[in-house]
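Before any comments, here is the structure.
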Amino acid sequence: MALILADIACVYAAGTSLESAALHGVSLTLSRGDLVLVLGPTGAGKTTLLRAAAGLLSVSQGSVEVDGLPASGRGSTRGAVGLVFQRPESQFFSLSVEDDCAFGPRNLGRAPGEALQDAREALAAVGLDPSTFGPREPWSLSGGEARRAALAGVLAMRPRYLLLDEPTAGLDAAGRQSVCAAVEEARTRAGVLVVTHDAESFLGSADRVLVLRGGRPAFDGDVSALLHALPTLAAADDVDPPEVPRTLMLARERGLLPPGPLTLDVESAADLLAGALPGGERR
Ligand SMILES: Nc1ncnc2c1ncn2[C@@H]1O[C@H](COP(=O)(O)OP(=O)(O)OP(=O)(O)O)[C@@H](O)[C@H]1O
Ligand SMILES: [Mg+2]
């Protein structure tokens, strides 16, 4: 049971003078409980990949399957994949948060009472107390609360695969933290694919990372392999390194540290630095 992209290619405006290839030869598997990150510079094809994975964009090569069925077909894959666009809070249209969150489940054919119950459970799952936040007008929420409410609107449909486009863009530290907590919660019941420029927030808990460059895979592997490849990926501007490995990379460039593996963990980084400096001690 997985969402599988097998060697896909996507072309915009195919057959016209504006034809442009946005993805070539990209493969990815998302299973329940997984957190897969897609990184890469602007224009690399990240949003295109999410749209193809959600069945919103047809592929010109390869296949997209959801639990063994083609993603673009209707029927039993309907509702299996939930896509949260960048800045989804701008798409609220109901007078209350809970009505907005109940729209998706109602649209999938659930009875109004059941849909409202699903909405309230989803709000609780993203850390928004449904009795406090449910009746609120969506525009009255803070940025971080609104982002979580929008996520709840998709979770209320109980997708088996959750796809998020830049979920932390424009949020402050508290907002980023609350979105990361909501992603961890969602992961207990779904596979989660996060497209982001914010490796800092998600890398520590990712199972797998795909880096795109010009629509092609520039890296595909787990976090320790990514840390190994990070100096090369950062030099090519494919990935903005998180602060801890960035500091270690700078220390190496300045000859303060011998070559060796990078880490995301601040204590391990402090140990590496302390061990390399005269008079420094590992704890
Ligand atoms: N509807 C479209 N028609 C033509 N070209 C498009 C269309 N949508 C995207 N593209 C092009 O496809 C390429 C990939 O776009 P995409 O939106 O997937 O990039 P991205 O990695 O999500 O970038 P960002 O980080 O800026 O969001 C870009 O060159 C873009 O201009
Ligand atoms: Mg994008």
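In the structure tokens, the first chain shown is A, the next is B, and so on; residue numbers restart at 1 for each chain, and ligands run from 1 in the order shown.
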**Message:** With DSSP run on the backbone, what are the strand (DSSP E or B) residues within range 99-267 of chain A? I'd like them as a list in words.
**Reply:** Tyr161, Leu162, Leu163, Leu164, Asp165, Gly191, Val192, Leu193, Val194, Val195, Arg208, Val209, Leu210, Val211, Leu212, Arg213, Arg216, Pro217, Ala218, Phe219, Asp220 and Gly221 of chain A
Residue selection dump (N, CA and C atoms) as a CSV table (one decimal), in the first residue's frame:
chain,number,residue,atom,x,y,z
A,161,TYR,N,-2.7,9.6,2.0
A,161,TYR,CA,-1.4,10.3,1.7
A,161,TYR,C,-1.7,11.8,1.7
A,162,LEU,N,-0.8,12.5,2.4
A,162,LEU,CA,-1.0,13.9,2.6
A,162,LEU,C,0.2,14.6,1.9
A,163,LEU,N,-0.1,15.5,1.0
A,163,LEU,CA,0.9,16.2,0.3
A,163,LEU,C,0.9,17.7,0.6
A,164,LEU,N,2.0,18.2,1.1
A,164,LEU,CA,2.0,19.6,1.5
A,164,LEU,C,3.0,20.5,0.7
A,165,ASP,N,2.5,21.6,0.2
A,165,ASP,CA,3.4,22.5,-0.6
A,165,ASP,C,3.8,23.6,0.3
A,191,GLY,N,0.8,8.7,5.0
A,191,GLY,CA,2.1,9.0,4.5
A,191,GLY,C,2.2,10.5,4.2
A,192,VAL,N,3.2,11.2,4.5
A,192,VAL,CA,3.3,12.6,4.3
A,192,VAL,C,4.4,13.0,3.4
A,193,LEU,N,4.1,13.8,2.4
A,193,LEU,CA,5.1,14.3,1.4
A,193,LEU,C,5.2,15.8,1.6
A,194,VAL,N,6.3,16.3,2.0
A,194,VAL,CA,6.5,17.8,2.2
A,194,VAL,C,7.4,18.4,1.2
A,195,VAL,N,6.9,19.3,0.4
A,195,VAL,CA,7.8,20.1,-0.5
A,195,VAL,C,8.1,21.3,0.2
A,208,ARG,N,13.1,10.1,4.1
A,208,ARG,CA,13.8,10.0,2.8
A,208,ARG,C,13.7,11.5,2.2
A,209,VAL,N,14.7,11.8,1.4
A,209,VAL,CA,14.8,13.1,0.8
A,209,VAL,C,15.0,13.0,-0.7
A,210,LEU,N,14.2,13.7,-1.5
A,210,LEU,CA,14.5,13.8,-2.9
A,210,LEU,C,14.8,15.3,-3.2
A,211,VAL,N,15.9,15.5,-3.9
A,211,VAL,CA,16.3,16.9,-4.2
A,211,VAL,C,16.2,17.0,-5.8
A,212,LEU,N,15.4,17.9,-6.2
A,212,LEU,CA,15.2,18.1,-7.7
A,212,LEU,C,16.1,19.3,-8.1
A,213,ARG,N,16.6,19.2,-9.3
A,213,ARG,CA,17.3,20.3,-10.0
A,213,ARG,C,16.9,20.3,-11.4
A,216,ARG,N,15.0,17.2,-12.6
A,216,ARG,CA,15.6,15.9,-12.5
A,216,ARG,C,16.0,15.6,-11.1
A,217,PRO,N,16.1,14.4,-10.7
A,217,PRO,CA,16.6,14.1,-9.4
A,217,PRO,C,18.1,14.4,-9.3
A,218,ALA,N,18.4,15.3,-8.3
A,218,ALA,CA,19.9,15.6,-8.0
A,218,ALA,C,20.4,14.8,-6.9
A,219,PHE,N,19.4,14.3,-6.0
A,219,PHE,CA,19.8,13.4,-4.9
A,219,PHE,C,18.5,12.7,-4.5
A,220,ASP,N,18.7,11.4,-4.1
A,220,ASP,CA,17.6,10.6,-3.6
A,220,ASP,C,18.1,9.7,-2.5
A,221,GLY,N,17.8,9.8,-1.3
A,221,GLY,CA,18.3,8.9,-0.3
A,221,GLY,C,17.8,9.3,1.1
**Asked** Got a sec: who's within 10 Å of Ala152 in chain A, counting only C-alpha atoms, leaving out chain neighbours fewer than 4 positions off, as a ChimeraX atom specification?
**Response** /A:84,97-98,100-102,118-128,146-148,156-158,182,186
Export of the given selection (N, CA and C atoms) as a PDB file, in the first residue's frame:
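Result went into selection20.pdb, see below:
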ATOM      1  N   VAL A  84      -2.406  19.972   0.157  1.00  0.00           N
ATOM      2  CA  VAL A  84      -2.554  21.302   0.761  1.00  0.00           C
ATOM      3  C   VAL A  84      -1.638  22.243  -0.015  1.00  0.00           C
ATOM      4  N   VAL A  97     -14.616  28.208  11.178  1.00  0.00           N
ATOM      5  CA  VAL A  97     -13.510  27.298  10.915  1.00  0.00           C
ATOM      6  C   VAL A  97     -14.030  25.872  10.745  1.00  0.00           C
ATOM      7  N   GLU A  98     -14.982  25.461  11.626  1.00  0.00           N
ATOM      8  CA  GLU A  98     -15.433  24.057  11.547  1.00  0.00           C
ATOM      9  C   GLU A  98     -16.250  23.794  10.279  1.00  0.00           C
ATOM     10  N   ASP A 100     -15.726  25.259   7.449  1.00  0.00           N
ATOM     11  CA  ASP A 100     -14.739  25.181   6.379  1.00  0.00           C
ATOM     12  C   ASP A 100     -14.085  23.798   6.340  1.00  0.00           C
ATOM     13  N   CYS A 101     -13.730  23.301   7.532  1.00  0.00           N
ATOM     14  CA  CYS A 101     -13.074  21.985   7.614  1.00  0.00           C
ATOM     15  C   CYS A 101     -14.034  20.846   7.264  1.00  0.00           C
ATOM     16  N   ALA A 102     -15.338  21.078   7.442  1.00  0.00           N
ATOM     17  CA  ALA A 102     -16.319  20.013   7.158  1.00  0.00           C
ATOM     18  C   ALA A 102     -16.646  19.931   5.672  1.00  0.00           C
ATOM     19  N   ASP A 118     -15.913  14.856  11.900  1.00  0.00           N
ATOM     20  CA  ASP A 118     -14.583  14.679  11.293  1.00  0.00           C
ATOM     21  C   ASP A 118     -13.791  15.982  11.364  1.00  0.00           C
ATOM     22  N   ALA A 119     -14.477  17.096  11.103  1.00  0.00           N
ATOM     23  CA  ALA A 119     -13.810  18.409  11.129  1.00  0.00           C
ATOM     24  C   ALA A 119     -13.296  18.692  12.534  1.00  0.00           C
ATOM     25  N   ARG A 120     -14.122  18.418  13.534  1.00  0.00           N
ATOM     26  CA  ARG A 120     -13.707  18.715  14.913  1.00  0.00           C
ATOM     27  C   ARG A 120     -12.543  17.826  15.336  1.00  0.00           C
ATOM     28  N   GLU A 121     -12.594  16.554  14.941  1.00  0.00           N
ATOM     29  CA  GLU A 121     -11.468  15.649  15.280  1.00  0.00           C
ATOM     30  C   GLU A 121     -10.181  16.111  14.599  1.00  0.00           C
ATOM     31  N   ALA A 122     -10.306  16.574  13.354  1.00  0.00           N
ATOM     32  CA  ALA A 122      -9.102  17.028  12.631  1.00  0.00           C
ATOM     33  C   ALA A 122      -8.540  18.289  13.279  1.00  0.00           C
ATOM     34  N   LEU A 123      -9.420  19.175  13.724  1.00  0.00           N
ATOM     35  CA  LEU A 123      -8.935  20.390  14.413  1.00  0.00           C
ATOM     36  C   LEU A 123      -8.174  19.993  15.674  1.00  0.00           C
ATOM     37  N   ALA A 124      -8.726  19.045  16.443  1.00  0.00           N
ATOM     38  CA  ALA A 124      -8.031  18.601  17.656  1.00  0.00           C
ATOM     39  C   ALA A 124      -6.688  17.977  17.292  1.00  0.00           C
ATOM     40  N   ALA A 125      -6.649  17.228  16.169  1.00  0.00           N
ATOM     41  CA  ALA A 125      -5.405  16.539  15.774  1.00  0.00           C
ATOM     42  C   ALA A 125      -4.300  17.529  15.427  1.00  0.00           C
ATOM     43  N   VAL A 126      -4.650  18.734  14.967  1.00  0.00           N
ATOM     44  CA  VAL A 126      -3.606  19.722  14.661  1.00  0.00           C
ATOM     45  C   VAL A 126      -3.399  20.680  15.826  1.00  0.00           C
ATOM     46  N   GLY A 127      -3.980  20.334  16.988  1.00  0.00           N
ATOM     47  CA  GLY A 127      -3.726  21.122  18.201  1.00  0.00           C
ATOM     48  C   GLY A 127      -4.594  22.357  18.337  1.00  0.00           C
ATOM     49  N   LEU A 128      -5.719  22.399  17.593  1.00  0.00           N
ATOM     50  CA  LEU A 128      -6.655  23.523  17.756  1.00  0.00           C
ATOM     51  C   LEU A 128      -7.899  22.985  18.459  1.00  0.00           C
ATOM     52  N   ALA A 146      -4.122  29.583  11.338  1.00  0.00           N
ATOM     53  CA  ALA A 146      -4.818  29.446  10.052  1.00  0.00           C
ATOM     54  C   ALA A 146      -4.196  28.329   9.221  1.00  0.00           C
ATOM     55  N   ARG A 147      -2.861  28.247   9.236  1.00  0.00           N
ATOM     56  CA  ARG A 147      -2.197  27.192   8.476  1.00  0.00           C
ATOM     57  C   ARG A 147      -2.618  25.826   9.001  1.00  0.00           C
ATOM     58  N   ARG A 148      -2.693  25.707  10.355  1.00  0.00           N
ATOM     59  CA  ARG A 148      -3.100  24.425  10.944  1.00  0.00           C
ATOM     60  C   ARG A 148      -4.567  24.117  10.635  1.00  0.00           C
ATOM     61  N   ALA A 156      -9.419  16.209   7.648  1.00  0.00           N
ATOM     62  CA  ALA A 156     -10.807  15.789   7.941  1.00  0.00           C
ATOM     63  C   ALA A 156     -11.322  14.812   6.895  1.00  0.00           C
ATOM     64  N   MET A 157     -10.710  14.848   5.712  1.00  0.00           N
ATOM     65  CA  MET A 157     -11.125  13.897   4.656  1.00  0.00           C
ATOM     66  C   MET A 157     -10.478  12.540   4.857  1.00  0.00           C
ATOM     67  N   ARG A 158      -9.602  12.440   5.865  1.00  0.00           N
ATOM     68  CA  ARG A 158      -8.843  11.224   6.197  1.00  0.00           C
ATOM     69  C   ARG A 158      -8.074  10.676   4.980  1.00  0.00           C
ATOM     70  N   ALA A 182       1.873  19.231  13.694  1.00  0.00           N
ATOM     71  CA  ALA A 182       0.705  18.710  12.970  1.00  0.00           C
ATOM     72  C   ALA A 182       1.131  17.651  11.951  1.00  0.00           C
ATOM     73  N   ALA A 186      -0.132  13.871  11.762  1.00  0.00           N
ATOM     74  CA  ALA A 186      -0.722  13.324  10.532  1.00  0.00           C
ATOM     75  C   ALA A 186      -0.031  12.028  10.130  1.00  0.00           C
TER      76      ALA A 186
END
**Message:** Using only C-alpha atoms, which protein or nucleic acid residues come within 12 Å of range 167-174 of chain A? Drop anything in the same chain fewer than 5 positions from it, and give the result as a count of residues only.
**Reply:** 35
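The binding environment of ligand 2, defined as every protein, DNA or RNA residue with an atom no more than 8 Å away and counting only C-alpha atoms and all ligand atoms, comprises Thr42, Gly43, Gly45, Lys46, Thr47, Thr48, Gln86, Asp165, Glu166 and Val195 of chain A.
Distances to ligand 1 were evaluated for A:Gly104, A:Gly153, A:Gly40, A:Gly204 using only C-alpha atoms and all ligand atoms, and the minimum falls at A:Gly40.
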**Prompt:** So which residues touch Leu5 in chain A within 8 Å, counting only C-alpha atoms, skipping near sequence neighbours fewer than 3 positions away, as a list in words?
**Reply:** Ile8, Val26, Ser27, Leu28, Thr29, Ala53, Gly62, Ser63, Val64 and Glu65 of chain A
**Request:** From a DSSP calculation on the backbone, collect every residue of range 27-195 of chain A in alpha helix (DSSP H) and output the set as a PyMOL selection string.
**Result:** chain A and resi 46-53+97-107+112-125+130-133+143-155+173-187
**Fill in**
Across A:Val154, A:Leu264, A:Leu95, A:Leu226, the smallest distance to Ala80 in chain A, with only C-alpha atoms counted, is shown by A:Val154
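CA of Ser31 in chain A sits 14.6 Å away from CA of Asp222 in chain A.
Distance-wise, CA of Val81 in chain A and atom 9 (C, counted along the ligand's line) of ligand 1 end up 20.9 Å apart.
Distances here use only C-alpha atoms and all ligand atoms; by that measure, the residue among A:Arg187, A:Arg51, A:Ala6, A:Gly33 closest to ligand 1 is A:Arg51.
Considering the residues A:Leu39, A:Leu272, A:Leu230, A:Ala54 and counting only C-alpha atoms and all ligand atoms, ligand 1 has its shortest atom-to-atom contact with A:Leu39.
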